[in-house]
Amino acid sequence: MRILFQGDSITDCGRDRNDSASLGDGYAHFTAQTLPPDWTFLNRGISGNRVYDLESRWQSDCLELNANLVTILIGINDTWRRYDSNLPSQILDFEQSLDRICKQVVDRGTKLILLEPFVLPIPSDRIQWREDLDPRIQAVRRVAHQYASALIPLDGLFAAASCQHSLSDLAADGVHPSRLGHQLIAQHLSKAILDLIGTE
C-alpha cells in the first residue's frame, strides 16, 4: 500500500527535500505511525503552495508516484495571499483547479481523501479571513462530493477542539498546527484511511 500526502506547509512540516522518504514532523508523520509499517508513505507537501502550484507539479509529484491513496490539504495560502500580497484567488478558479487535479487522481483508480483548509481566530486579523476562506471550504466540499472517498472537516474539528484547548495550543498563528494540532489531524485522517482500505 502506497500513501501520498499532498499540500502546503501544513503537510510539508519540515520534510527533508533531499530524502524522498522524509515525512516531516507533522500530521503525515503521525498518520504513518498509526498505520501498518510495511506500507509506503510519501510526503510531497511544499510550503507556500496554492492549489495552482499543486496543479503545476501534479504529474511528477502525484501521478507518476503511483500511490494507492492520495490525501490533499490545500487552500489556506489561496486565502492568505489575498491579505498579505494582494493576490486573490477567485473561488471559481480555485475550485476548477482542484477539480482538475482530483479528477486525474480518481480517473486512475486511486482513492482520494480531501482535508478542508482551516483557520483559527488568532491573531485577531484572522477573523477577517473568514470571508474568503468560508466559500473556499464550500468549494473543497463540492469537489470532495464529486471525487473523494472521504472528507476530513478540519475547520469544524479545530473549532470544536478549541473548546477544550486554547487557540495557541492548537495553532499559535491560527494556521500552522502545533504538535497537538497535527495529532488531531492525524487522528481523523488515520481513521479515514483505515475505514477505506483497512490493513491491506
# chains A, B, ... in the order shown; residues from 1 in each chain; ligands from 1
>>> residues_around(residues="Arg100 in chain A", least_positions_apart="6", cutoff="12 Å", atoms="only C-alpha atoms", output="MDAnalysis selection string")
chainID A and resid 51:52 54:56 58:59 93:94 106:107 143 146:147
>>> write_last_selection(atoms="N, CA and C atoms", output="PDB file, in the first residue's frame")
ATOM      1  N   VAL A  51      -3.312  26.124  -4.695  1.00  0.00           N
ATOM      2  CA  VAL A  51      -3.792  24.995  -5.489  1.00  0.00           C
ATOM      3  C   VAL A  51      -3.169  24.996  -6.880  1.00  0.00           C
ATOM      4  N   TYR A  52      -2.886  26.180  -7.421  1.00  0.00           N
ATOM      5  CA  TYR A  52      -2.303  26.273  -8.757  1.00  0.00           C
ATOM      6  C   TYR A  52      -0.887  25.707  -8.789  1.00  0.00           C
ATOM      7  N   LEU A  54       0.089  23.188  -6.866  1.00  0.00           N
ATOM      8  CA  LEU A  54      -0.118  21.748  -6.907  1.00  0.00           C
ATOM      9  C   LEU A  54      -0.376  21.286  -8.334  1.00  0.00           C
ATOM     10  N   GLU A  55      -1.248  22.002  -9.023  1.00  0.00           N
ATOM     11  CA  GLU A  55      -1.595  21.596 -10.377  1.00  0.00           C
ATOM     12  C   GLU A  55      -0.374  21.635 -11.298  1.00  0.00           C
ATOM     13  N   SER A  56       0.501  22.609 -11.113  1.00  0.00           N
ATOM     14  CA  SER A  56       1.662  22.748 -11.996  1.00  0.00           C
ATOM     15  C   SER A  56       2.659  21.610 -11.812  1.00  0.00           C
ATOM     16  N   TRP A  58       1.655  18.448 -10.615  1.00  0.00           N
ATOM     17  CA  TRP A  58       0.847  17.270 -10.318  1.00  0.00           C
ATOM     18  C   TRP A  58       1.349  16.016 -11.022  1.00  0.00           C
ATOM     19  N   GLN A  59       1.835  16.150 -12.240  1.00  0.00           N
ATOM     20  CA  GLN A  59       2.295  14.968 -12.980  1.00  0.00           C
ATOM     21  C   GLN A  59       3.449  14.287 -12.249  1.00  0.00           C
ATOM     22  N   ASP A  93     -11.981  29.801  -9.876  1.00  0.00           N
ATOM     23  CA  ASP A  93     -10.696  29.337 -10.398  1.00  0.00           C
ATOM     24  C   ASP A  93     -10.081  28.293  -9.465  1.00  0.00           C
ATOM     25  N   PHE A  94     -10.151  28.567  -8.171  1.00  0.00           N
ATOM     26  CA  PHE A  94      -9.644  27.632  -7.166  1.00  0.00           C
ATOM     27  C   PHE A  94     -10.354  26.285  -7.295  1.00  0.00           C
ATOM     28  N   VAL A 106      -8.665  10.214  -9.438  1.00  0.00           N
ATOM     29  CA  VAL A 106      -9.674   9.146  -9.406  1.00  0.00           C
ATOM     30  C   VAL A 106      -9.819   8.466 -10.766  1.00  0.00           C
ATOM     31  N   ASP A 107      -9.507   9.167 -11.845  1.00  0.00           N
ATOM     32  CA  ASP A 107      -9.565   8.542 -13.166  1.00  0.00           C
ATOM     33  C   ASP A 107      -8.548   7.411 -13.301  1.00  0.00           C
ATOM     34  N   VAL A 143     -16.045  19.640  -4.396  1.00  0.00           N
ATOM     35  CA  VAL A 143     -15.132  18.766  -5.123  1.00  0.00           C
ATOM     36  C   VAL A 143     -15.036  17.407  -4.429  1.00  0.00           C
ATOM     37  N   GLN A 146     -17.787  15.168  -5.297  1.00  0.00           N
ATOM     38  CA  GLN A 146     -17.668  14.677  -6.667  1.00  0.00           C
ATOM     39  C   GLN A 146     -16.658  13.541  -6.791  1.00  0.00           C
ATOM     40  N   TYR A 147     -15.541  13.649  -6.067  1.00  0.00           N
ATOM     41  CA  TYR A 147     -14.429  12.743  -6.325  1.00  0.00           C
ATOM     42  C   TYR A 147     -13.902  11.962  -5.120  1.00  0.00           C
TER      43      TYR A 147
END
>>> select_by_dssp(residues="range 58-197 of chain A", states="strand (DSSP E or B)", output="list of chain:residue names")
A:Leu69, A:Val70, A:Thr71, A:Ile72, A:Leu73, A:Lys111, A:Leu112, A:Ile113, A:Leu114, A:Leu115, A:Ala150, A:Leu151, A:Ile152
>>> residues_around(residues="Ile10 in chain A", least_positions_apart="6", cutoff="9 Å", atoms="only C-alpha atoms", output="MDAnalysis selection string")
chainID A and resid 26:27 45:47 73:74 175:177 182
>>> select_by_dssp(residues="range 6-198 of chain A", states="helix (DSSP H, G or I)", output="ChimeraX atom specification")
/A:9-12,27-33,51-56,58-61,63-65,76-84,91-107,124-147,154-161,167-170,179-197
>>> residues_around(residues="Pro123 in chain A", least_positions_apart="3", cutoff="8 Å", atoms="only C-alpha atoms", output="list in words")
Arg126, Asp173 and Gly174 of chain A
>>> residues_around(residues="range 185-187 of chain A", least_positions_apart="3", cutoff="9 Å", atoms="only C-alpha atoms", output="number ranges by chain")
A: 26-32, 34, 115, 152, 154, 157-158, 180-182, 190-192
>>> write_last_selection(atoms="C-alpha atoms", output="PDB file, in the first residue's frame")
ATOM      1  CA  GLY A  26       3.606  16.931  11.205  1.00  0.00           C
ATOM      2  CA  TYR A  27       0.411  15.041  10.558  1.00  0.00           C
ATOM      3  CA  ALA A  28       1.915  12.944   7.748  1.00  0.00           C
ATOM      4  CA  HIS A  29       4.456  11.581  10.221  1.00  0.00           C
ATOM      5  CA  PHE A  30       1.866  10.966  12.937  1.00  0.00           C
ATOM      6  CA  THR A  31      -0.556   9.349  10.496  1.00  0.00           C
ATOM      7  CA  ALA A  32       2.102   6.961   9.200  1.00  0.00           C
ATOM      8  CA  THR A  34      -0.568   4.559  13.260  1.00  0.00           C
ATOM      9  CA  LEU A 115      -8.999  17.731   4.013  1.00  0.00           C
ATOM     10  CA  ILE A 152     -11.914  15.477   6.789  1.00  0.00           C
ATOM     11  CA  LEU A 154     -10.747  20.246   9.652  1.00  0.00           C
ATOM     12  CA  LEU A 157     -12.710  19.850  14.040  1.00  0.00           C
ATOM     13  CA  PHE A 158     -10.306  22.630  15.037  1.00  0.00           C
ATOM     14  CA  LEU A 180      -1.276  18.794  19.290  1.00  0.00           C
ATOM     15  CA  GLY A 181      -2.931  20.207  16.180  1.00  0.00           C
ATOM     16  CA  HIS A 182      -1.040  17.846  13.901  1.00  0.00           C
ATOM     17  CA  SER A 190      -5.766   7.671  10.072  1.00  0.00           C
ATOM     18  CA  LYS A 191      -9.308   6.571  10.841  1.00  0.00           C
ATOM     19  CA  ALA A 192     -10.494   7.627   7.390  1.00  0.00           C
TER      20      ALA A 192
END
>>> closest_residue(among="A:Arg2, A:Arg130, A:His188, A:Arg141", to="Arg82 in chain A", atoms="only C-alpha atoms")
A:Arg130
>>> residues_around(residues="Ile193 in chain A", least_positions_apart="4", cutoff="12 Å", atoms="only C-alpha atoms", output="JSON, numbers by chain")
{"A": [1, 2, 3, 4, 5, 31, 32, 34, 35, 36, 68, 69, 70, 71, 111, 112, 113, 114, 148, 149, 150, 151, 152, 186, 187, 188, 189, 197, 198, 199, 200]}
>>> residues_around(residues="Cys62 in chain A", least_positions_apart="5", cutoff="9 Å", atoms="only C-alpha atoms", output="compact mmCIF listing (two decimals) with N, CA and C atoms, in the first residue's frame")
# COMPACT_ATOMS: atom_id res chain seq x y z
N LEU A 4 0.17 8.79 -0.42
CA LEU A 4 0.81 10.07 -0.72
C LEU A 4 0.07 11.20 -0.03
N GLN A 6 -0.31 15.23 0.15
CA GLN A 6 -0.04 16.40 -0.68
C GLN A 6 -0.63 17.65 -0.05
N ARG A 44 4.76 15.00 -0.25
CA ARG A 44 5.21 15.95 -1.27
C ARG A 44 4.59 17.34 -1.05
N ARG A 57 2.66 20.97 -10.64
CA ARG A 57 3.61 19.88 -10.38
C ARG A 57 2.91 18.53 -10.22
N ALA A 67 0.55 6.21 -6.32
CA ALA A 67 0.03 5.89 -4.98
C ALA A 67 -1.31 5.17 -5.09
N VAL A 70 -4.32 9.03 -2.21
CA VAL A 70 -3.77 10.39 -2.14
C VAL A 70 -4.61 11.22 -1.19
N VAL A 105 -6.68 12.07 -10.36
CA VAL A 105 -6.39 11.03 -9.38
C VAL A 105 -7.39 9.89 -9.49
>>> decode(residues="range 31-76 of chain A", atoms="C-alpha atoms", output="CSV table (one decimal), in the first residue's frame")
chain,number,residue,atom,x,y,z
A,31,THR,CA,-0.6,9.3,10.5
A,32,ALA,CA,2.1,7.0,9.2
A,33,GLN,CA,2.9,5.9,12.8
A,34,THR,CA,-0.6,4.6,13.3
A,35,LEU,CA,-0.7,2.6,10.0
A,36,PRO,CA,0.9,-0.7,9.0
A,37,PRO,CA,4.7,-0.5,9.0
A,38,ASP,CA,5.0,-2.3,5.7
A,39,TRP,CA,3.1,0.4,3.8
A,40,THR,CA,5.0,3.1,1.9
A,41,PHE,CA,4.4,6.7,2.8
A,42,LEU,CA,5.3,9.7,0.7
A,43,ASN,CA,5.1,13.4,1.6
A,44,ARG,CA,5.2,15.9,-1.3
A,45,GLY,CA,3.8,19.0,0.5
A,46,ILE,CA,5.5,22.3,-0.3
A,47,SER,CA,5.4,25.3,2.0
A,48,GLY,CA,3.6,28.3,0.5
A,49,ASN,CA,1.8,26.3,-2.2
A,50,ARG,CA,-1.6,27.4,-3.5
A,51,VAL,CA,-3.8,25.0,-5.5
A,52,TYR,CA,-2.3,26.3,-8.8
A,53,ASP,CA,1.2,25.3,-7.6
A,54,LEU,CA,-0.1,21.7,-6.9
A,55,GLU,CA,-1.6,21.6,-10.4
A,56,SER,CA,1.7,22.7,-12.0
A,57,ARG,CA,3.6,19.9,-10.4
A,58,TRP,CA,0.8,17.3,-10.3
A,59,GLN,CA,2.3,15.0,-13.0
A,60,SER,CA,5.7,14.5,-11.3
A,61,ASP,CA,4.7,14.9,-7.7
A,62,CYS,CA,1.5,12.9,-7.7
A,63,LEU,CA,0.5,10.9,-10.8
A,64,GLU,CA,4.0,9.5,-11.5
A,65,LEU,CA,4.3,8.3,-7.9
A,66,ASN,CA,1.5,5.7,-8.4
A,67,ALA,CA,0.0,5.9,-5.0
A,68,ASN,CA,-2.9,3.7,-4.0
A,69,LEU,CA,-4.4,6.6,-2.0
A,70,VAL,CA,-3.8,10.4,-2.1
A,71,THR,CA,-4.6,12.9,0.6
A,72,ILE,CA,-4.8,16.6,-0.2
A,73,LEU,CA,-4.8,19.6,2.2
A,74,ILE,CA,-4.8,22.9,0.3
A,75,GLY,CA,-6.4,26.3,0.3
A,76,ILE,CA,-5.2,28.4,3.2
